[in-house]
Amino acid sequence: MDMETKRLMMMKKLLLTVLMFGVALVGLPALAAPEGAPTAGAMAADIIVARPLGVIFTVVGTTIFVVSLPFSALGGNVGAAAKALVVKPVRETFVRCLGCRTAGRAQ
């Protein structure tokens with residue numbers, strides 16, 4: 001195989017891995033207890049697992065948004081695509097308080 005084919009296969013594997021983690025994490029909020037003040041364990045898990053995954057989702061979502069931008073522009077839904085693929089992952093990663101389950105600053 002040439003270098004370009006290997007690179008494409010590696011990108012496909014990376015995207016598949018990220019998507020599998022995303023699908024696995026979608027159901028987690030349903031299992032969560034009512035939110036109060038975050039515990040030390042929740043904060044540790046957030047900084048070790050959730051934030052790095054959020055950065056990965058932000059990068060992947062931004063990449064998908066840029067690739068899909070011509071099609072979104074033709075379809076007239078650039079704003080909706082930007083919100084779903086870029087804004088929401090950025091808010092979940094960078095605006096959510098440490099250990100909280102919902103986006104936004106601590107009350």
# chains A, B, ... in the order shown; residues from 1 in each chain; ligands from 1
>>> residues_around(residues="Ala44 of chain A", least_positions_apart="5", cutoff="12 Å", atoms="only C-alpha atoms", output="list in words")
Pro38, Thr39, Val49, Ala50, Arg51, Leu98, Gly99 and Cys100 of chain A
>>> residues_around(residues="segment 7-24 of chain A", least_positions_apart="4", cutoff="8 Å", atoms="only C-alpha atoms", output="list in words")
Met3, Leu28, Ile56, Phe57 and Val60 of chain A
>>> atom_distance(atom1="atom CA of Leu69 of chain A", atom2="atom CA of Gly104 of chain A")
27.3 Å
>>> select_by_dssp(residues="chain A", states="helix (DSSP H, G or I)", output="ChimeraX atom specification")
/A:3-26,28-31,40-75,78-95
>>> atom_distance(atom1="atom CA of Cys97 of chain A", atom2="atom CA of Val66 of chain A")
28.0 Å
>>> atom_distance(atom1="atom CA of Ala73 of chain A", atom2="atom CA of Arg91 of chain A")
23.4 Å
>>> residues_around(residues="Phe94 of chain A", least_positions_apart="2", cutoff="12 Å", atoms="only C-alpha atoms", output="list in words")
Asp46, Ile47, Ala50, Arg51, Pro52, Leu53, Gly54, Val55, Thr58, Val86, Val87, Lys88, Pro89, Val90, Arg91, Glu92, Arg96, Cys97, Leu98, Cys100, Thr102, Ala103, Gly104 and Arg105 of chain A
>>> write_last_selection(atoms="N, CA and C atoms", output="PDB file, in the first residue's frame")
ATOM      1  N   ASP A  46     -13.955  14.053  35.291  1.00  0.00           N
ATOM      2  CA  ASP A  46     -14.178  15.097  34.296  1.00  0.00           C
ATOM      3  C   ASP A  46     -12.857  15.554  33.686  1.00  0.00           C
ATOM      4  N   ILE A  47     -11.877  15.836  34.521  1.00  0.00           N
ATOM      5  CA  ILE A  47     -10.615  16.372  34.016  1.00  0.00           C
ATOM      6  C   ILE A  47      -9.778  15.300  33.325  1.00  0.00           C
ATOM      7  N   ALA A  50     -13.473  13.236  30.548  1.00  0.00           N
ATOM      8  CA  ALA A  50     -14.449  13.996  29.769  1.00  0.00           C
ATOM      9  C   ALA A  50     -13.831  15.174  29.013  1.00  0.00           C
ATOM     10  N   ARG A  51     -12.959  15.921  29.643  1.00  0.00           N
ATOM     11  CA  ARG A  51     -12.385  17.091  28.966  1.00  0.00           C
ATOM     12  C   ARG A  51     -11.513  16.691  27.772  1.00  0.00           C
ATOM     13  N   PRO A  52     -10.616  15.690  27.911  1.00  0.00           N
ATOM     14  CA  PRO A  52      -9.857  15.286  26.721  1.00  0.00           C
ATOM     15  C   PRO A  52     -10.752  14.769  25.597  1.00  0.00           C
ATOM     16  N   LEU A  53     -11.798  14.002  25.963  1.00  0.00           N
ATOM     17  CA  LEU A  53     -12.738  13.550  24.927  1.00  0.00           C
ATOM     18  C   LEU A  53     -13.466  14.734  24.306  1.00  0.00           C
ATOM     19  N   GLY A  54     -13.795  15.735  25.117  1.00  0.00           N
ATOM     20  CA  GLY A  54     -14.441  16.933  24.593  1.00  0.00           C
ATOM     21  C   GLY A  54     -13.558  17.670  23.595  1.00  0.00           C
ATOM     22  N   VAL A  55     -12.270  17.734  23.882  1.00  0.00           N
ATOM     23  CA  VAL A  55     -11.342  18.374  22.938  1.00  0.00           C
ATOM     24  C   VAL A  55     -11.303  17.585  21.642  1.00  0.00           C
ATOM     25  N   THR A  58     -14.440  18.211  19.755  1.00  0.00           N
ATOM     26  CA  THR A  58     -14.410  19.566  19.202  1.00  0.00           C
ATOM     27  C   THR A  58     -13.591  19.594  17.920  1.00  0.00           C
ATOM     28  N   VAL A  86     -19.801  22.405  16.184  1.00  0.00           N
ATOM     29  CA  VAL A  86     -18.717  23.204  16.769  1.00  0.00           C
ATOM     30  C   VAL A  86     -19.128  23.806  18.108  1.00  0.00           C
ATOM     31  N   VAL A  87     -20.224  24.540  18.143  1.00  0.00           N
ATOM     32  CA  VAL A  87     -20.589  25.306  19.336  1.00  0.00           C
ATOM     33  C   VAL A  87     -20.912  24.395  20.518  1.00  0.00           C
ATOM     34  N   LYS A  88     -21.728  23.364  20.309  1.00  0.00           N
ATOM     35  CA  LYS A  88     -22.104  22.486  21.418  1.00  0.00           C
ATOM     36  C   LYS A  88     -20.903  21.755  22.013  1.00  0.00           C
ATOM     37  N   PRO A  89     -20.004  21.148  21.195  1.00  0.00           N
ATOM     38  CA  PRO A  89     -18.826  20.517  21.802  1.00  0.00           C
ATOM     39  C   PRO A  89     -17.918  21.511  22.529  1.00  0.00           C
ATOM     40  N   VAL A  90     -17.789  22.730  22.001  1.00  0.00           N
ATOM     41  CA  VAL A  90     -16.958  23.740  22.669  1.00  0.00           C
ATOM     42  C   VAL A  90     -17.565  24.105  24.016  1.00  0.00           C
ATOM     43  N   ARG A  91     -18.877  24.301  24.062  1.00  0.00           N
ATOM     44  CA  ARG A  91     -19.540  24.641  25.332  1.00  0.00           C
ATOM     45  C   ARG A  91     -19.398  23.513  26.349  1.00  0.00           C
ATOM     46  N   GLU A  92     -19.585  22.266  25.915  1.00  0.00           N
ATOM     47  CA  GLU A  92     -19.473  21.126  26.828  1.00  0.00           C
ATOM     48  C   GLU A  92     -18.042  20.961  27.334  1.00  0.00           C
ATOM     49  N   ARG A  96     -18.480  24.354  30.674  1.00  0.00           N
ATOM     50  CA  ARG A  96     -19.091  23.563  31.745  1.00  0.00           C
ATOM     51  C   ARG A  96     -18.197  23.588  32.980  1.00  0.00           C
ATOM     52  N   CYS A  97     -18.791  23.727  34.162  1.00  0.00           N
ATOM     53  CA  CYS A  97     -17.992  23.722  35.395  1.00  0.00           C
ATOM     54  C   CYS A  97     -17.416  22.318  35.622  1.00  0.00           C
ATOM     55  N   LEU A  98     -16.317  22.253  36.322  1.00  0.00           N
ATOM     56  CA  LEU A  98     -15.607  21.002  36.544  1.00  0.00           C
ATOM     57  C   LEU A  98     -16.462  20.043  37.362  1.00  0.00           C
ATOM     58  N   CYS A 100     -19.514  19.104  36.599  1.00  0.00           N
ATOM     59  CA  CYS A 100     -20.935  19.279  36.287  1.00  0.00           C
ATOM     60  C   CYS A 100     -21.292  18.455  35.060  1.00  0.00           C
ATOM     61  N   THR A 102     -24.018  19.386  33.003  1.00  0.00           N
ATOM     62  CA  THR A 102     -24.646  20.233  32.001  1.00  0.00           C
ATOM     63  C   THR A 102     -23.760  21.431  31.709  1.00  0.00           C
ATOM     64  N   ALA A 103     -23.852  21.920  30.480  1.00  0.00           N
ATOM     65  CA  ALA A 103     -23.039  23.071  30.079  1.00  0.00           C
ATOM     66  C   ALA A 103     -23.492  24.314  30.812  1.00  0.00           C
ATOM     67  N   GLY A 104     -22.580  25.197  31.053  1.00  0.00           N
ATOM     68  CA  GLY A 104     -22.870  26.445  31.736  1.00  0.00           C
ATOM     69  C   GLY A 104     -22.006  26.590  32.975  1.00  0.00           C
ATOM     70  N   ARG A 105     -22.003  27.765  33.498  1.00  0.00           N
ATOM     71  CA  ARG A 105     -21.196  28.040  34.687  1.00  0.00           C
ATOM     72  C   ARG A 105     -21.921  27.560  35.932  1.00  0.00           C
TER      73      ARG A 105
END
>>> closest_residue(among="A:Ala37, A:Gly61, A:Met43, A:Ser68", to="Lys83 of chain A", atoms="only C-alpha atoms")
A:Gly61
>>> decode(residues="segment 89-106 of chain A", atoms="C-alpha atoms", output="PDB file, in the first residue's frame")
ATOM      1  CA  PRO A  89     -18.826  20.517  21.802  1.00  0.00           C
ATOM      2  CA  VAL A  90     -16.958  23.740  22.669  1.00  0.00           C
ATOM      3  CA  ARG A  91     -19.540  24.641  25.332  1.00  0.00           C
ATOM      4  CA  GLU A  92     -19.473  21.126  26.828  1.00  0.00           C
ATOM      5  CA  THR A  93     -15.667  21.160  26.908  1.00  0.00           C
ATOM      6  CA  PHE A  94     -14.758  24.699  27.920  1.00  0.00           C
ATOM      7  CA  VAL A  95     -17.828  26.379  29.502  1.00  0.00           C
ATOM      8  CA  ARG A  96     -19.091  23.563  31.745  1.00  0.00           C
ATOM      9  CA  CYS A  97     -17.992  23.722  35.395  1.00  0.00           C
ATOM     10  CA  LEU A  98     -15.607  21.002  36.544  1.00  0.00           C
ATOM     11  CA  GLY A  99     -17.574  17.886  37.474  1.00  0.00           C
ATOM     12  CA  CYS A 100     -20.935  19.279  36.287  1.00  0.00           C
ATOM     13  CA  ARG A 101     -23.026  17.318  33.810  1.00  0.00           C
ATOM     14  CA  THR A 102     -24.646  20.233  32.001  1.00  0.00           C
ATOM     15  CA  ALA A 103     -23.039  23.071  30.079  1.00  0.00           C
ATOM     16  CA  GLY A 104     -22.870  26.445  31.736  1.00  0.00           C
ATOM     17  CA  ARG A 105     -21.196  28.040  34.687  1.00  0.00           C
ATOM     18  CA  ALA A 106     -21.724  26.847  38.255  1.00  0.00           C
TER      19      ALA A 106
END
